[in-house]
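Chemist: Before I ask anything, let me first share the structure, which is written out below as structure tokens.
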Amino acid sequence: MSINNEVSKRKTFAIISHPDAGKTTMTEKLLLYGNLIRSAGTVKGKKSGKFATSDWMEIEKQRGISVTSSVMNFTYDDLHINILDTPGHEDFSEDTYRTLTAVDSVVMIIDSTKGIEAQTIKLFKVCRMRGIPIFTFMNKLDREGKEPLALLEELEEVLEIDTYPMNWPAGMGKGFLGIFDRHGDQFVQHHPGDTETYIPNNELSNHKDLIENPTFKDAQQELELVTEAGNEYSEEAILRGELTPVFFGSALSPFGVQVFFDTFIHLAPSPTSRKTTLGPIEPDNEDFSGFIFKIQANMNPAHRDRIAFLRVCSGKFDRGMTVRLARTGKELKLAQSQQMVASSRDTVDEAYAGDIIGVYDPNAYQIGDTLLVGKNTYEYDELPQFPPELFKKVTAKNVLKSKQFRKGIEQLVQEGAIQLFRDQMTDAFILGAVGELQYQVFTYRMQHEYNAEVMLESIGERLPRWLKEEQVDRKLFDSGNLLVRDRNNQPLVLFRNEFALNWFKDKNPKIELIDLFEVN
Ligand code: GDP
């Protein structure tokens, strides 16, 4: 089969949500469609309490979580589906953001009883800055939640994205009748016991009980209103990430999940060209290429090996092939290639654009590295620097070990495990992270890989804003708002909170403050 054929079958996406909105439940249902698991409840070790593989990192075992995201894949409707897990809860980290650089679309799950929550906003911003198409699933319709119109309004206002409801619910909670499937011209009727039947629009008149139900009539009227006053459907706008198609349903029941998935999977884009230093590279380009978006260290404590996660962007990957590391020009044989299927690892023999493979890292790779074959050497766009939120001062517990301490920090920062800043006044080391877990992994690895115990002192949650060198003036910064420099020596201010940030902006209107979420 031609490369082009293979590429067009690939659908690579991530599911994003705030904790407890229903990501795991939805993932399990999708895996059931793919016959990947026989019963729900096996996606996360955390929930089932089981660990399928013996060699997870020690922290993972201790805490019962999956530290870094894994990839699940299955065949559905002749399509090759790759779902990338985005760790949430306590294991939210920069890796969660980076995973979003390796997907072609995103499913955003929102708890309709709660509306849009904090973590959803953060993940959404990353999708926005990458222009990733976003498909929304309003979950938990089996419970009394917010009104559908109010939910759409919230999406438009809080996330500033246009919406297009792909279906419209009739009732919710106990009085839930089903959904008008606008895309499929049918009504999906909900029955007690959570079964669903499909009634084509032109047969609805045969279902008197249903269409005369006041809840049905109300919803029909609402839908008419939405059709008249709402946004127009545009596949182009969806693919540009400017319009989100919205589906209503219940992942748990499950209800509306099949309709959602069937519609989503055909609208979701297959891999397209990606930017490099030599211009865009097409996914069906014959020469293999890809980039590393995550490095998972110490999965096997006995060997201290590392697995680098590679997103294939063009050509064909064959097991054991020799590739070139664009940054150094060095040739490497991709010896152990693995596909991460839930918590087991299967060997991959071949892969195409859109696929994710785990390759053995002989301590050669950095996050963002390009691997390729062929005459031309180029690099995929650098992964963006994501703004950290948590900051801690770090010192060596034992001053005699400052050499190991510095070496460890330098390497872990280079690898992308955590971000390093230096206090402008005191030159102290300050570590920035997106999630608490990054500090735990850092501390563990410093001790076990570099024999350097560290002490961390929290300086709390901060709002980092970068500024121009010529605008740096020490007098401007009081003790509360720390002036620091990132590893590229760029200056930034760590504001204590929103209030301090706004106060500063008022006082210093001429100083341009840069929010990384807004610029990438
Ligand atoms: P995650 O943290 O986003 O992965 O959320 P989970 O999938 O673990 O779901 C969190 C809780 O919400 C669990 O108790 C689920 O059973 C429940 N849940 C998920 N989807 C639904 C739904 O559609 N309806 C209801 N009533 N509960 C749901």
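In the structure tokens, each chain is lettered A, B, ... as it comes, each chain's residues begin at 1, and ligands are numbered from 1 in order of appearance.
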Using only C-alpha atoms and all ligand atoms, what are the residues with an atom within 6 Å of ligand 1, set out as a PDB file with N, CA and C atoms, in the first residue's frame?
Modeler:
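Final output, result_39.pdb:
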ATOM      1  N   SER A  17      -9.260  17.306  29.292  1.00  0.00           N
ATOM      2  CA  SER A  17     -10.374  17.645  30.185  1.00  0.00           C
ATOM      3  C   SER A  17      -9.840  18.048  31.545  1.00  0.00           C
ATOM      4  N   PRO A  19      -9.822  17.195  35.530  1.00  0.00           N
ATOM      5  CA  PRO A  19     -10.026  15.935  36.243  1.00  0.00           C
ATOM      6  C   PRO A  19     -11.510  15.688  36.565  1.00  0.00           C
ATOM      7  N   ASP A  20     -11.914  14.439  36.383  1.00  0.00           N
ATOM      8  CA  ASP A  20     -13.267  13.976  36.718  1.00  0.00           C
ATOM      9  C   ASP A  20     -14.348  14.366  35.717  1.00  0.00           C
ATOM     10  N   ALA A  21     -13.967  14.980  34.607  1.00  0.00           N
ATOM     11  CA  ALA A  21     -14.982  15.326  33.613  1.00  0.00           C
ATOM     12  C   ALA A  21     -15.422  14.091  32.826  1.00  0.00           C
ATOM     13  N   GLY A  22     -14.552  13.053  32.813  1.00  0.00           N
ATOM     14  CA  GLY A  22     -14.949  11.810  32.131  1.00  0.00           C
ATOM     15  C   GLY A  22     -13.987  11.330  31.051  1.00  0.00           C
ATOM     16  N   LYS A  23     -12.745  11.785  31.110  1.00  0.00           N
ATOM     17  CA  LYS A  23     -11.757  11.384  30.087  1.00  0.00           C
ATOM     18  C   LYS A  23     -11.514   9.878  30.097  1.00  0.00           C
ATOM     19  N   THR A  24     -11.308   9.327  31.281  1.00  0.00           N
ATOM     20  CA  THR A  24     -11.029   7.890  31.369  1.00  0.00           C
ATOM     21  C   THR A  24     -12.228   7.083  30.886  1.00  0.00           C
ATOM     22  N   THR A  25     -13.406   7.490  31.320  1.00  0.00           N
ATOM     23  CA  THR A  25     -14.622   6.775  30.930  1.00  0.00           C
ATOM     24  C   THR A  25     -14.778   6.805  29.411  1.00  0.00           C
ATOM     25  N   ASN A 139     -20.354  16.265  28.464  1.00  0.00           N
ATOM     26  CA  ASN A 139     -20.596  14.962  29.097  1.00  0.00           C
ATOM     27  C   ASN A 139     -21.600  15.033  30.257  1.00  0.00           C
ATOM     28  N   LYS A 140     -22.021  13.875  30.702  1.00  0.00           N
ATOM     29  CA  LYS A 140     -22.873  13.686  31.892  1.00  0.00           C
ATOM     30  C   LYS A 140     -24.289  14.232  31.709  1.00  0.00           C
ATOM     31  N   ASP A 142     -26.777  12.555  31.548  1.00  0.00           N
ATOM     32  CA  ASP A 142     -27.702  11.744  32.344  1.00  0.00           C
ATOM     33  C   ASP A 142     -27.958  12.402  33.696  1.00  0.00           C
ATOM     34  N   ARG A 143     -27.257  13.507  33.961  1.00  0.00           N
ATOM     35  CA  ARG A 143     -27.498  14.237  35.209  1.00  0.00           C
ATOM     36  C   ARG A 143     -28.051  15.620  34.896  1.00  0.00           C
ATOM     37  N   SER A 250     -23.467  11.171  27.123  1.00  0.00           N
ATOM     38  CA  SER A 250     -23.004  10.652  28.400  1.00  0.00           C
ATOM     39  C   SER A 250     -22.007   9.535  28.140  1.00  0.00           C
ATOM     40  N   ALA A 251     -20.789   9.737  28.607  1.00  0.00           N
ATOM     41  CA  ALA A 251     -19.759   8.727  28.375  1.00  0.00           C
ATOM     42  C   ALA A 251     -20.039   7.485  29.194  1.00  0.00           C
ATOM     43  N   LEU A 252     -20.623   7.674  30.363  1.00  0.00           N
ATOM     44  CA  LEU A 252     -20.832   6.559  31.277  1.00  0.00           C
ATOM     45  C   LEU A 252     -21.941   5.631  30.799  1.00  0.00           C
ATOM     46  N   SER A 253     -23.032   6.208  30.317  1.00  0.00           N
ATOM     47  CA  SER A 253     -24.218   5.384  30.004  1.00  0.00           C
ATOM     48  C   SER A 253     -23.924   4.182  29.108  1.00  0.00           C
TER      49      SER A 253
END
Chemist: Counting only C-alpha atoms, what are the residues of range 419-474 of chain A within 7 Å of range 371-389 of chain A, and for each of them which pair of atoms is the nearest and at what distance in Å, to one decimal? Sort the table by chain and rising number, as a tab-separated table.
Modeler:
residue	atom	partner	partner_atom	distance
A:Gly432	CA	A:Pro388	CA	5.3
A:Ala433	CA	A:Pro388	CA	4.7
A:Val434	CA	A:Pro388	CA	4.6
A:Glu461	CA	A:Glu389	CA	5.5
A:Arg462	CA	A:Glu389	CA	5.5
A:Leu463	CA	A:Glu389	CA	6.3
A:Pro464	CA	A:Pro387	CA	6.8
Chemist: Point out the residue among A:Val323, A:Val158, A:Leu390, A:Leu141 with the least atom-to-atom distance to Ala118 in chain A, counting only C-alpha atoms.
Modeler: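 Closest candidate: A:Val158.
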Chemist: Where in range 268-377 of chain A does DSSP assign strand (DSSP E), given as a PyMOL selection string?
Modeler: chain A and resi 289-297+306-314+316-318+322-325+331-333+337-341+344-347+350-352+356-361+370-372
Chemist: When you draw a straight line from CA of Lys392 in chain A to CA of Ile430 in chain A, how long is it in Å?
Modeler: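 CA of Lys392 in chain A sits 5.5 Å away from CA of Ile430 in chain A.
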Chemist: Output as a PyMOL selection string all residues of range 218-409 of chain A that backbone DSSP marks as alpha helix (DSSP H).
Modeler: chain A and resi 218-229+235-239+257-267+402-409
Chemist: Limited to N, CA and C atoms, could you put the picked residues into a file as an mmCIF file, in the first residue's frame?
Modeler:
data_model
loop_
_atom_site.group_PDB
_atom_site.id
_atom_site.type_symbol
_atom_site.label_atom_id
_atom_site.label_comp_id
_atom_site.auth_asym_id
_atom_site.auth_seq_id
_atom_site.Cartn_x
_atom_site.Cartn_y
_atom_site.Cartn_z
ATOM 1 N N ASP A 218 -39.903 21.496 23.248
ATOM 2 C CA ASP A 218 -39.043 22.602 23.709
ATOM 3 C C ASP A 218 -37.681 22.544 23.040
ATOM 4 N N ALA A 219 -37.111 21.337 23.038
ATOM 5 C CA ALA A 219 -35.771 21.175 22.472
ATOM 6 C C ALA A 219 -35.783 21.481 20.975
ATOM 7 N N GLN A 220 -36.879 21.065 20.323
ATOM 8 C CA GLN A 220 -37.000 21.318 18.890
ATOM 9 C C GLN A 220 -37.006 22.824 18.600
ATOM 10 N N GLN A 221 -37.730 23.539 19.461
ATOM 11 C CA GLN A 221 -37.791 25.000 19.297
ATOM 12 C C GLN A 221 -36.426 25.644 19.523
ATOM 13 N N GLU A 222 -35.773 25.164 20.557
ATOM 14 C CA GLU A 222 -34.435 25.680 20.864
ATOM 15 C C GLU A 222 -33.494 25.449 19.694
ATOM 16 N N LEU A 223 -33.604 24.259 19.145
ATOM 17 C CA LEU A 223 -32.738 23.907 18.015
ATOM 18 C C LEU A 223 -33.009 24.816 16.822
ATOM 19 N N GLU A 224 -34.272 25.146 16.600
ATOM 20 C CA GLU A 224 -34.606 26.067 15.509
ATOM 21 C C GLU A 224 -33.938 27.415 15.725
ATOM 22 N N LEU A 225 -33.982 27.842 16.979
ATOM 23 C CA LEU A 225 -33.358 29.112 17.344
ATOM 24 C C LEU A 225 -31.856 29.080 17.071
ATOM 25 N N VAL A 226 -31.239 27.977 17.513
ATOM 26 C CA VAL A 226 -29.800 27.807 17.333
ATOM 27 C C VAL A 226 -29.454 27.783 15.849
ATOM 28 N N THR A 227 -30.292 27.124 15.071
ATOM 29 C CA THR A 227 -30.034 27.027 13.636
ATOM 30 C C THR A 227 -30.098 28.408 12.993
ATOM 31 N N GLU A 228 -31.051 29.224 13.455
ATOM 32 C CA GLU A 228 -31.194 30.561 12.875
ATOM 33 C C GLU A 228 -30.115 31.527 13.338
ATOM 34 N N ALA A 229 -29.884 31.530 14.639
ATOM 35 C CA ALA A 229 -29.011 32.555 15.197
ATOM 36 C C ALA A 229 -27.569 32.098 15.377
ATOM 37 N N GLU A 235 -16.418 23.310 7.667
ATOM 38 C CA GLU A 235 -15.343 22.345 7.924
ATOM 39 C C GLU A 235 -13.980 23.016 7.923
ATOM 40 N N GLU A 236 -13.850 24.065 7.102
ATOM 41 C CA GLU A 236 -12.569 24.779 7.044
ATOM 42 C C GLU A 236 -12.274 25.423 8.396
ATOM 43 N N ALA A 237 -13.330 26.060 8.958
ATOM 44 C CA ALA A 237 -13.136 26.723 10.259
ATOM 45 C C ALA A 237 -12.817 25.685 11.351
ATOM 46 N N ILE A 238 -13.423 24.499 11.242
ATOM 47 C CA ILE A 238 -13.129 23.437 12.210
ATOM 48 C C ILE A 238 -11.658 23.043 12.097
ATOM 49 N N LEU A 239 -11.199 22.848 10.865
ATOM 50 C CA LEU A 239 -9.822 22.392 10.661
ATOM 51 C C LEU A 239 -8.804 23.460 11.030
ATOM 52 N N VAL A 257 -22.325 8.381 22.390
ATOM 53 C CA VAL A 257 -20.885 8.218 22.192
ATOM 54 C C VAL A 257 -20.591 7.663 20.794
ATOM 55 N N GLN A 258 -21.413 6.693 20.379
ATOM 56 C CA GLN A 258 -21.203 6.102 19.055
ATOM 57 C C GLN A 258 -21.387 7.151 17.955
ATOM 58 N N VAL A 259 -22.451 7.936 18.070
ATOM 59 C CA VAL A 259 -22.709 8.979 17.072
ATOM 60 C C VAL A 259 -21.572 10.001 17.078
ATOM 61 N N PHE A 260 -21.160 10.361 18.281
ATOM 62 C CA PHE A 260 -20.046 11.302 18.397
ATOM 63 C C PHE A 260 -18.816 10.750 17.697
ATOM 64 N N PHE A 261 -18.453 9.518 18.043
ATOM 65 C CA PHE A 261 -17.196 8.967 17.538
ATOM 66 C C PHE A 261 -17.228 8.808 16.022
ATOM 67 N N ASP A 262 -18.357 8.295 15.512
ATOM 68 C CA ASP A 262 -18.465 8.103 14.062
ATOM 69 C C ASP A 262 -18.340 9.425 13.307
ATOM 70 N N THR A 263 -18.935 10.465 13.858
ATOM 71 C CA THR A 263 -18.865 11.772 13.185
ATOM 72 C C THR A 263 -17.463 12.359 13.334
ATOM 73 N N PHE A 264 -16.986 12.341 14.566
ATOM 74 C CA PHE A 264 -15.662 12.917 14.858
ATOM 75 C C PHE A 264 -14.571 12.290 14.010
ATOM 76 N N ILE A 265 -14.569 10.955 13.976
ATOM 77 C CA ILE A 265 -13.435 10.259 13.379
ATOM 78 C C ILE A 265 -13.340 10.513 11.874
ATOM 79 N N HIS A 266 -14.480 10.849 11.258
ATOM 80 C CA HIS A 266 -14.413 11.154 9.831
ATOM 81 C C HIS A 266 -14.134 12.633 9.563
ATOM 82 N N LEU A 267 -14.473 13.482 10.512
ATOM 83 C CA LEU A 267 -14.163 14.909 10.349
ATOM 84 C C LEU A 267 -12.733 15.228 10.767
ATOM 85 N N SER A 402 28.247 19.739 45.175
ATOM 86 C CA SER A 402 27.697 20.752 44.273
ATOM 87 C C SER A 402 28.006 20.446 42.809
ATOM 88 N N LYS A 403 29.065 19.682 42.564
ATOM 89 C CA LYS A 403 29.390 19.334 41.188
ATOM 90 C C LYS A 403 28.315 18.417 40.591
ATOM 91 N N GLN A 404 27.964 17.369 41.341
ATOM 92 C CA GLN A 404 26.904 16.468 40.874
ATOM 93 C C GLN A 404 25.589 17.236 40.726
ATOM 94 N N PHE A 405 25.356 18.113 41.708
ATOM 95 C CA PHE A 405 24.135 18.914 41.737
ATOM 96 C C PHE A 405 23.995 19.714 40.445
ATOM 97 N N ARG A 406 25.071 20.407 40.080
ATOM 98 C CA ARG A 406 25.013 21.237 38.881
ATOM 99 C C ARG A 406 24.884 20.409 37.614
ATOM 100 N N LYS A 407 25.611 19.302 37.583
ATOM 101 C CA LYS A 407 25.564 18.436 36.405
ATOM 102 C C LYS A 407 24.146 17.874 36.228
ATOM 103 N N GLY A 408 23.581 17.427 37.344
ATOM 104 C CA GLY A 408 22.226 16.853 37.299
ATOM 105 C C GLY A 408 21.219 17.868 36.815
ATOM 106 N N ILE A 409 21.267 19.053 37.404
ATOM 107 C CA ILE A 409 20.309 20.089 37.003
ATOM 108 C C ILE A 409 20.469 20.409 35.525
#
Chemist: Record the distance separating CA of Gly416 in chain A and CA of Gly368 in chain A, expressed in Å with one decimal.
Modeler: 9.2 Å
Chemist: When distances are computed from only C-alpha atoms, which of A:Thr272, A:Thr86, A:Ser112, A:Asn488 shows the smallest separation from Phe421 in chain A?
Modeler: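 Comparing A:Thr272, A:Thr86, A:Ser112, A:Asn488 against Phe421 in chain A, the winner is A:Asn488.
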Chemist: Counting only C-alpha atoms, figure out which residue out of A:Asp85, A:Asp515, A:Glu212, A:Glu156 gets nearest to Ala102 in chain A.
Modeler: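 Among A:Asp85, A:Asp515, A:Glu212, A:Glu156, it is A:Asp85 that comes nearest to Ala102 in chain A.
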Chemist: Using only C-alpha atoms for the distances, tell me which of A:Met108, A:Val188, A:Ala297, A:Ile161 is nearest to Ala14 in chain A.
Modeler: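 Closest to Ala14 in chain A of all the choices is A:Met108.
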Chemist: Contacts of Phe180 in chain A at 8 Å or less, counting only C-alpha atoms, minus same-chain residues fewer than 3 places along, as a list in words?
Modeler: Asn167, Trp168, Pro169, Ala170, Asp185, Gln186, Phe187 and Val188 of chain A
Chemist: Let's have the selection written as a PDB file, in the first residue's frame, with C-alpha atoms.
Modeler:
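This went into again01.pdb:
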ATOM      1  CA  ASN A 167     -26.495  17.525  18.000  1.00  0.00           C
ATOM      2  CA  TRP A 168     -29.007  18.954  20.430  1.00  0.00           C
ATOM      3  CA  PRO A 169     -30.259  17.298  23.594  1.00  0.00           C
ATOM      4  CA  ALA A 170     -33.921  16.908  24.459  1.00  0.00           C
ATOM      5  CA  ASP A 185     -30.513  13.852  10.142  1.00  0.00           C
ATOM      6  CA  GLN A 186     -31.874  11.565  12.822  1.00  0.00           C
ATOM      7  CA  PHE A 187     -33.081  11.496  16.402  1.00  0.00           C
ATOM      8  CA  VAL A 188     -31.151   9.253  18.761  1.00  0.00           C
TER       9      VAL A 188
END
Chemist: What does the distance from CA of Gln438 in chain A to CA of Gln119 in chain A come to in Å, to one decimal?
Modeler: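 Computed distance, CA of Gln438 in chain A to CA of Gln119 in chain A, equals 16.6 Å.
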